[in-house]
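Undergrad: Sending over model-v8.txt (compact mmCIF, C-alpha atoms and all ligand atoms).
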# COMPACT_ATOMS: atom_id res chain seq x y z
CA MET Y 1 28.89 55.15 10.00
CA THR Y 2 26.28 57.09 11.99
CA LYS Y 3 22.89 55.37 12.23
CA THR Y 4 20.17 58.00 12.09
CA VAL Y 5 16.69 57.53 13.56
CA ILE Y 6 13.54 59.59 13.08
CA ALA Y 7 10.70 59.72 15.62
CA GLN Y 8 7.62 61.89 15.25
CA GLY Y 9 4.43 62.94 16.95
CA THR Y 10 2.35 65.80 18.34
CA PHE Y 11 3.98 66.08 21.82
CA ASP Y 12 1.37 68.45 23.24
CA ILE Y 13 2.07 68.52 27.02
CA VAL Y 14 5.06 66.21 27.35
CA HIS Y 15 4.77 63.23 29.76
CA PRO Y 16 6.85 60.11 30.67
CA GLY Y 17 5.27 58.08 27.83
CA HIS Y 18 6.86 60.51 25.36
CA VAL Y 19 10.22 60.25 27.16
CA HIS Y 20 10.02 56.43 27.00
CA TYR Y 21 9.25 56.50 23.26
CA LEU Y 22 12.07 58.94 22.48
CA GLU Y 23 14.61 57.06 24.63
CA GLU Y 24 13.69 53.82 22.88
CA ALA Y 25 13.90 55.49 19.46
CA ALA Y 26 17.32 56.96 20.37
CA ALA Y 27 18.54 53.46 21.33
CA MET Y 28 17.69 52.23 17.80
CA GLY Y 29 20.65 54.22 16.42
CA ASP Y 30 23.26 56.90 17.14
CA GLU Y 31 21.45 60.13 16.32
CA LEU Y 32 17.77 60.98 16.92
CA TYR Y 33 15.80 63.54 14.94
CA VAL Y 34 12.22 64.24 15.97
CA ILE Y 35 9.62 65.62 13.56
CA VAL Y 36 6.95 67.57 15.42
CA ALA Y 37 3.58 67.53 13.65
CA ARG Y 38 2.22 70.82 12.34
CA THR Y 39 -0.99 71.80 14.11
CA ALA Y 40 -3.01 71.68 10.87
CA ASN Y 41 -1.86 68.10 10.27
CA VAL Y 42 -3.14 66.81 13.60
CA ASP Y 43 -6.55 65.90 12.23
CA HIS Y 44 -7.11 62.48 13.79
CA LYS Y 45 -7.77 63.89 17.29
CA GLU Y 46 -8.42 67.22 19.06
CA SER Y 47 -6.13 70.02 17.94
CA PRO Y 48 -3.06 70.55 20.18
CA ILE Y 49 -3.24 73.25 22.88
CA CYS Y 50 0.40 74.38 22.57
CA PRO Y 51 1.74 76.04 19.41
CA ALA Y 52 3.95 73.93 17.16
CA THR Y 53 7.13 75.95 17.90
CA GLN Y 54 6.62 75.46 21.66
CA ARG Y 55 6.04 71.71 21.20
CA ARG Y 56 9.23 71.52 19.13
CA ASP Y 57 11.30 73.51 21.65
CA VAL Y 58 10.28 71.27 24.57
CA VAL Y 59 11.06 68.07 22.62
CA ASP Y 60 14.38 69.57 21.50
CA ALA Y 61 15.35 70.08 25.17
CA LEU Y 62 15.00 66.36 26.02
CA GLU Y 63 18.24 64.46 26.62
CA ALA Y 64 17.48 61.64 24.17
CA VAL Y 65 16.89 64.08 21.31
CA ASP Y 66 19.65 65.41 19.06
CA GLU Y 67 17.38 67.70 17.07
CA ALA Y 68 13.64 68.40 16.95
CA ILE Y 69 12.25 70.06 13.83
CA LEU Y 70 8.85 71.22 12.68
CA GLY Y 71 7.25 68.91 10.15
CA HIS Y 72 6.43 69.85 6.58
CA GLU Y 73 3.01 71.43 6.05
CA GLU Y 74 1.93 69.26 3.10
CA ASP Y 75 4.25 66.36 2.39
CA ILE Y 76 5.37 64.37 5.45
CA PHE Y 77 8.12 62.69 3.39
CA VAL Y 78 10.00 65.95 2.67
CA PRO Y 79 11.83 66.06 6.07
CA ILE Y 80 12.53 62.33 5.73
CA GLU Y 81 14.16 62.89 2.33
CA GLU Y 82 16.26 65.71 3.83
CA ILE Y 83 17.41 63.73 6.88
CA ASP Y 84 17.77 60.42 4.98
CA PRO Y 85 17.38 58.23 8.11
CA ASP Y 86 18.25 54.56 8.59
CA VAL Y 87 15.25 53.93 10.85
CA ILE Y 88 11.79 55.45 11.34
CA ALA Y 89 10.55 54.66 14.86
CA LEU Y 90 6.76 54.59 15.10
CA GLY Y 91 5.05 54.84 18.50
CA HIS Y 92 3.26 51.79 19.85
CA ASP Y 93 -0.21 53.22 19.20
CA GLN Y 94 0.37 55.35 16.11
CA HIS Y 95 -2.32 54.99 13.48
CA HIS Y 96 0.15 54.96 10.60
CA ASP Y 97 0.42 51.80 8.47
CA ASP Y 98 3.99 50.47 8.64
CA ALA Y 99 3.73 48.73 5.24
CA GLN Y 100 2.39 51.88 3.52
CA ILE Y 101 5.27 53.97 4.90
CA GLU Y 102 7.79 51.31 3.81
CA ALA Y 103 6.28 51.27 0.30
CA GLU Y 104 6.50 55.07 0.00
CA LEU Y 105 10.12 55.05 1.26
CA GLU Y 106 10.98 52.51 -1.41
CA ARG Y 107 9.13 54.49 -4.09
CA ARG Y 108 11.26 57.54 -3.20
CA GLY Y 109 14.48 55.48 -3.23
CA LEU Y 110 15.10 55.78 0.53
CA GLU Y 111 16.80 52.87 2.29
CA CYS Y 112 15.17 52.94 5.70
CA THR Y 113 13.44 50.44 7.97
CA VAL Y 114 10.28 51.08 10.03
CA GLN Y 115 10.29 49.88 13.63
CA ARG Y 116 7.66 50.06 16.37
CA ALA Y 117 8.54 51.29 19.87
CA SER Y 118 6.89 49.77 22.94
CA ALA Y 119 4.36 51.30 25.35
CA ARG Y 120 5.63 52.56 28.68
CA GLU Y 121 4.56 50.38 31.59
CA SER Y 122 3.10 52.52 34.39
CA VAL Y 123 5.40 52.63 37.42
CA ALA Y 124 2.59 54.06 39.57
CA ASP Y 125 -1.21 53.74 39.44
CA ASP Y 126 -1.71 57.48 39.17
CA GLU Y 127 0.66 58.09 36.23
CA LEU Y 128 -0.90 60.09 33.42
CA LEU Y 129 0.70 58.70 30.27
CA SER Y 130 -1.38 60.51 27.67
CA THR Y 131 -1.89 64.18 26.81
CA ARG Y 132 -5.65 63.55 26.51
CA LEU Y 133 -5.74 62.10 30.06
CA ILE Y 134 -3.80 65.10 31.45
CA ILE Y 135 -6.25 67.51 29.82
CA GLU Y 136 -9.23 65.50 31.12
CA ARG Y 137 -7.76 65.58 34.64
CA ILE Y 138 -7.23 69.36 34.43
CA LEU Y 139 -10.82 69.86 33.30
CA GLU Y 140 -12.13 67.66 36.16
CA GLN Y 141 -10.04 69.24 38.90
CA ARG Y 142 -9.88 72.89 37.86
CA ALA Y 143 -13.27 73.49 36.24
C1 LIG E 201 7.03 59.03 9.13
C2 LIG E 201 6.23 60.22 9.55
C3 LIG E 201 6.61 61.50 9.18
C4 LIG E 201 5.84 62.60 9.57
N1 LIG E 201 6.21 63.85 9.14
C5 LIG E 201 5.38 64.88 9.40
C6 LIG E 201 5.62 66.17 8.83
O1 LIG E 201 6.56 66.39 8.08
N2 LIG E 201 4.74 67.17 9.13
C7 LIG E 201 3.69 66.99 9.97
O2 LIG E 201 2.96 67.94 10.20
N3 LIG E 201 3.44 65.80 10.51
C8 LIG E 201 4.25 64.75 10.25
N4 LIG E 201 3.97 63.53 10.77
C9 LIG E 201 2.93 63.43 11.82
C10 LIG E 201 1.54 63.15 11.30
O3 LIG E 201 1.16 64.24 10.56
C11 LIG E 201 0.56 62.94 12.48
O4 LIG E 201 -0.01 64.14 12.85
C12 LIG E 201 1.26 62.40 13.67
O5 LIG E 201 1.53 61.07 13.37
C13 LIG E 201 0.51 62.52 14.96
O6 LIG E 201 0.88 61.44 15.75
P1 LIG E 201 0.44 61.29 17.24
O7 LIG E 201 -1.05 61.22 17.31
O8 LIG E 201 1.07 60.02 17.62
O9 LIG E 201 1.00 62.45 17.97
C14 LIG E 201 4.70 62.41 10.38
C15 LIG E 201 4.31 61.12 10.74
C16 LIG E 201 5.05 60.03 10.33
C17 LIG E 201 4.63 58.65 10.72
N1 LIG E 202 2.43 55.96 27.31
C1 LIG E 202 3.20 55.92 26.22
N2 LIG E 202 4.13 54.94 26.06
C2 LIG E 202 4.92 54.91 24.95
N3 LIG E 202 4.84 55.80 23.93
C3 LIG E 202 3.94 56.79 24.04
C4 LIG E 202 3.07 56.91 25.18
N4 LIG E 202 2.27 57.99 24.98
C5 LIG E 202 2.62 58.51 23.80
N5 LIG E 202 3.61 57.81 23.23
C6 LIG E 202 4.21 58.03 21.91
O1 LIG E 202 4.64 59.37 21.78
C7 LIG E 202 4.43 59.82 20.43
C8 LIG E 202 3.67 61.09 20.40
O2 LIG E 202 2.42 60.83 20.99
P1 LIG E 202 1.28 61.91 21.14
O3 LIG E 202 1.86 63.26 21.08
O4 LIG E 202 0.14 61.55 20.27
O5 LIG E 202 0.93 61.66 22.69
P2 LIG E 202 -0.32 61.11 23.44
O6 LIG E 202 -0.08 61.42 24.87
O7 LIG E 202 -0.55 59.67 23.05
O8 LIG E 202 -1.53 62.03 22.91
P3 LIG E 202 -3.11 61.88 23.11
O9 LIG E 202 -3.31 61.40 24.52
O10 LIG E 202 -3.60 63.28 22.88
O11 LIG E 202 -3.55 60.90 22.08
C9 LIG E 202 3.68 58.68 19.72
O12 LIG E 202 4.63 57.96 18.97
C10 LIG E 202 3.15 57.84 20.84
O13 LIG E 202 3.03 56.45 20.48
Go ahead and render the structure in this file as structure tokens.
Ligand SMILES: Cc1cc2nc3c(=O)[nH]c(=O)nc-3n(C[C@H](O)[C@H](O)[C@H](O)COP(=O)(O)O)c2cc1C
Ligand SMILES: Nc1ncnc2c1ncn2[C@@H]1O[C@H](COP(=O)(O)OP(=O)(O)OP(=O)(O)O)[C@@H](O)[C@H]1O

TA:
Amino acid sequence: MTKTVIAQGTFDIVHPGHVHYLEEAAAMGDELYVIVARTANVDHKESPICPATQRRDVVDALEAVDEAILGHEEDIFVPIEEIDPDVIALGHDQHHDDAQIEAELERRGLECTVQRASARESVADDELLSTRLIIERILEQRA
């Protein structure tokens, strides 16, 4: 039976940290779906620069990804109910509460575990493994 994994995030200006997360998520199962956050739902940090459809299209083009889809506007559990995954892979630094997600999955009758991915170790001192850092560097060097 196919083991389906869901990863999710903003993915505004893709970098090797994203690739690491998605490769690790893909290795948790056989098929990887990625839910790309709607711009209006990214409210815990600065709004993304790139439109949601562009962020989705770039993630969809990555080798580890079987399908990238835009998230639901209001209820983040709607795409999860549709895909019915075996695993939800959370990023190493994501602010979501694993136990709360597990409780909601159970409440909706979904049999799915929540696993954390690891952080990418820098392979070079000058690697920029965060969208925020890339934007800061652009502002410093091109202002
Ligand atoms: C299990 C799960 C499902 C999500 N589904 C959606 C969704 O359907 N629509 C959406 O706009 N965002 C969705 N999100 C993303 C959140 O809205 C939030 O913006 C996202 O976690 C941003 O993460 P980042 O800061 O790591 O990029 C989901 C997050 C999680 C953990
Ligand atoms: N360096 C990294 N190593 C491993 N995973 C990462 C890394 N950077 C981001 N991710 C993961 O990628 C997913 C999407 O992250 P997000 O789009 O918020 O990127 P970000 O670069 O961390 O953004 P920002 O710098 O704006 O906070 C999250 O699950 C996050 O944990």

Undergrad: Stretch 86-97 of chain Y: which residues within 6 Å, counting only C-alpha atoms, same-chain residues fewer than 4 positions away excluded, as a list in words?

TA: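 Listing them by chain and then by number gives Lys3, Thr4, Val5, Ile6, Ala7, Ala25, Cys112, Thr113, Val114, Gln115, Arg116, Ala117, Ser118 and Ala119 of chain Y.
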
Undergrad: Could you tell me how far atom O6 of ligand LIG 202 (chain E) sits from atom CA of Y:Arg38, in Å to one decimal place?

TA: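 Separating atom CA of Y:Arg38 from atom O6 of ligand LIG 202 (chain E) is a distance of 15.8 Å.
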
Undergrad: Using all atoms listed in the file, which residues have at least one atom no more than 8 Å from ligand LIG 202 (chain E)? Output them as a JSON list (two decimals) with C-alpha atoms, keeping the file's coordinate frame.

TA:
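Output below, filename selection.json:
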[["chain", "number", "residue", "atom", "x", "y", "z"],
["Y", 7, "ALA", "CA", 10.70, 59.72, 15.62],
["Y", 8, "GLN", "CA", 7.62, 61.89, 15.25],
["Y", 9, "GLY", "CA", 4.43, 62.94, 16.95],
["Y", 10, "THR", "CA", 2.35, 65.80, 18.34],
["Y", 11, "PHE", "CA", 3.98, 66.08, 21.82],
["Y", 12, "ASP", "CA", 1.37, 68.45, 23.24],
["Y", 13, "ILE", "CA", 2.07, 68.52, 27.02],
["Y", 14, "VAL", "CA", 5.06, 66.21, 27.35],
["Y", 15, "HIS", "CA", 4.77, 63.23, 29.76],
["Y", 16, "PRO", "CA", 6.85, 60.11, 30.67],
["Y", 17, "GLY", "CA", 5.27, 58.08, 27.83],
["Y", 18, "HIS", "CA", 6.86, 60.51, 25.36],
["Y", 19, "VAL", "CA", 10.22, 60.25, 27.16],
["Y", 20, "HIS", "CA", 10.02, 56.43, 27.00],
["Y", 21, "TYR", "CA", 9.25, 56.50, 23.26],
["Y", 22, "LEU", "CA", 12.07, 58.94, 22.48],
["Y", 45, "LYS", "CA", -7.77, 63.89, 17.29],
["Y", 46, "GLU", "CA", -8.42, 67.22, 19.06],
["Y", 48, "PRO", "CA", -3.06, 70.55, 20.18],
["Y", 89, "ALA", "CA", 10.55, 54.66, 14.86],
["Y", 90, "LEU", "CA", 6.76, 54.59, 15.10],
["Y", 91, "GLY", "CA", 5.05, 54.84, 18.50],
["Y", 92, "HIS", "CA", 3.26, 51.79, 19.85],
["Y", 93, "ASP", "CA", -0.21, 53.22, 19.20],
["Y", 94, "GLN", "CA", 0.37, 55.35, 16.11],
["Y", 117, "ALA", "CA", 8.54, 51.29, 19.87],
["Y", 118, "SER", "CA", 6.89, 49.77, 22.94],
["Y", 119, "ALA", "CA", 4.36, 51.30, 25.35],
["Y", 120, "ARG", "CA", 5.63, 52.56, 28.68],
["Y", 121, "GLU", "CA", 4.56, 50.38, 31.59],
["Y", 122, "SER", "CA", 3.10, 52.52, 34.39],
["Y", 129, "LEU", "CA", 0.70, 58.70, 30.27],
["Y", 130, "SER", "CA", -1.38, 60.51, 27.67],
["Y", 131, "THR", "CA", -1.89, 64.18, 26.81],
["Y", 132, "ARG", "CA", -5.65, 63.55, 26.51],
["Y", 133, "LEU", "CA", -5.74, 62.10, 30.06],
["Y", 134, "ILE", "CA", -3.80, 65.10, 31.45]]

Undergrad: Measuring between all atoms listed in the file, which one of Y:Ile49, Y:Ala99, Y:Val78, Y:Met1 shows the shortest distance to ligand LIG 201 (chain E)?

TA: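 Of Y:Ile49, Y:Ala99, Y:Val78, Y:Met1, the one nearest ligand LIG 201 (chain E) is Y:Val78, counting all atoms listed in the file.
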
Undergrad: Please identify all polymer residues within 9 Å of Y:Leu110, counting all atoms listed in the file, omitting same-chain residues fewer than 2 positions from it, and present them as a PyMOL selection string.

TA: chain Y and resi 80-81+84-86+104-108+112

Undergrad: Using the file's own x, y and z axes, so that the box edges lie along x, y and z, what centre and edge lengths in Å (one decimal) does a box around every listed atom of ligand LIG 201 (chain E) get when 3 Å is added on each side? Give it as JSON.

TA:
{"center_x": 3.0, "center_y": 63.3, "center_z": 13.0, "size_x": 14.1, "size_y": 15.3, "size_z": 15.9}

Undergrad: Set the distance at 7 Å and use only C-alpha atoms: which residues neighbour Y:Leu70 once local chain neighbours fewer than 4 positions away are removed? I'd like the list as number ranges by chain.

TA: Y: 35-38, 56

Undergrad: Using all atoms listed in the file, pick whichever of Y:Cys50, Y:Ile69, Y:Ala26, Y:Ile138 has the shortest atom-to-atom distance to Y:Glu82.

TA: Y:Ile69

Undergrad: Could you check how far atom CA of Y:Ala124 sits from atom C11 of ligand LIG 201 (chain E), in Å to one decimal?

TA: 28.6 Å

Undergrad: Using all atoms listed in the file, which of the listed residues (Y:Ile76, Y:Val58, Y:Ala64, Y:Met28) sits closest to ligand LIG 201 (chain E)?

TA: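 Result for the nearest residue to ligand LIG 201 (chain E): Y:Ile76.
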
Undergrad: In Å to one decimal, how far is atom CA of Y:Leu128 from atom CA of Y:Thr39?

TA: 22.6 Å

Undergrad: Between Y:Asp125, Y:Glu67, Y:Glu140, Y:Asp43, which one has atoms that come closest to ligand LIG 201 (chain E), using all atoms listed in the file?

TA: Y:Asp43

Undergrad: Could you check which of Y:Asp98, Y:Gln54, Y:Asp60, Y:Val42 is closest to ligand LIG 201 (chain E), using all atoms listed in the file?

TA: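 Among the listed residues, the smallest separation from ligand LIG 201 (chain E) belongs to Y:Val42.
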
Undergrad: Choose the residue, out of Y:Glu111, Y:Glu102, Y:Asp75, Y:Glu136, that has the smallest atom-to-atom separation from ligand LIG 201 (chain E); count only C-alpha atoms and all ligand atoms.

TA: Y:Asp75
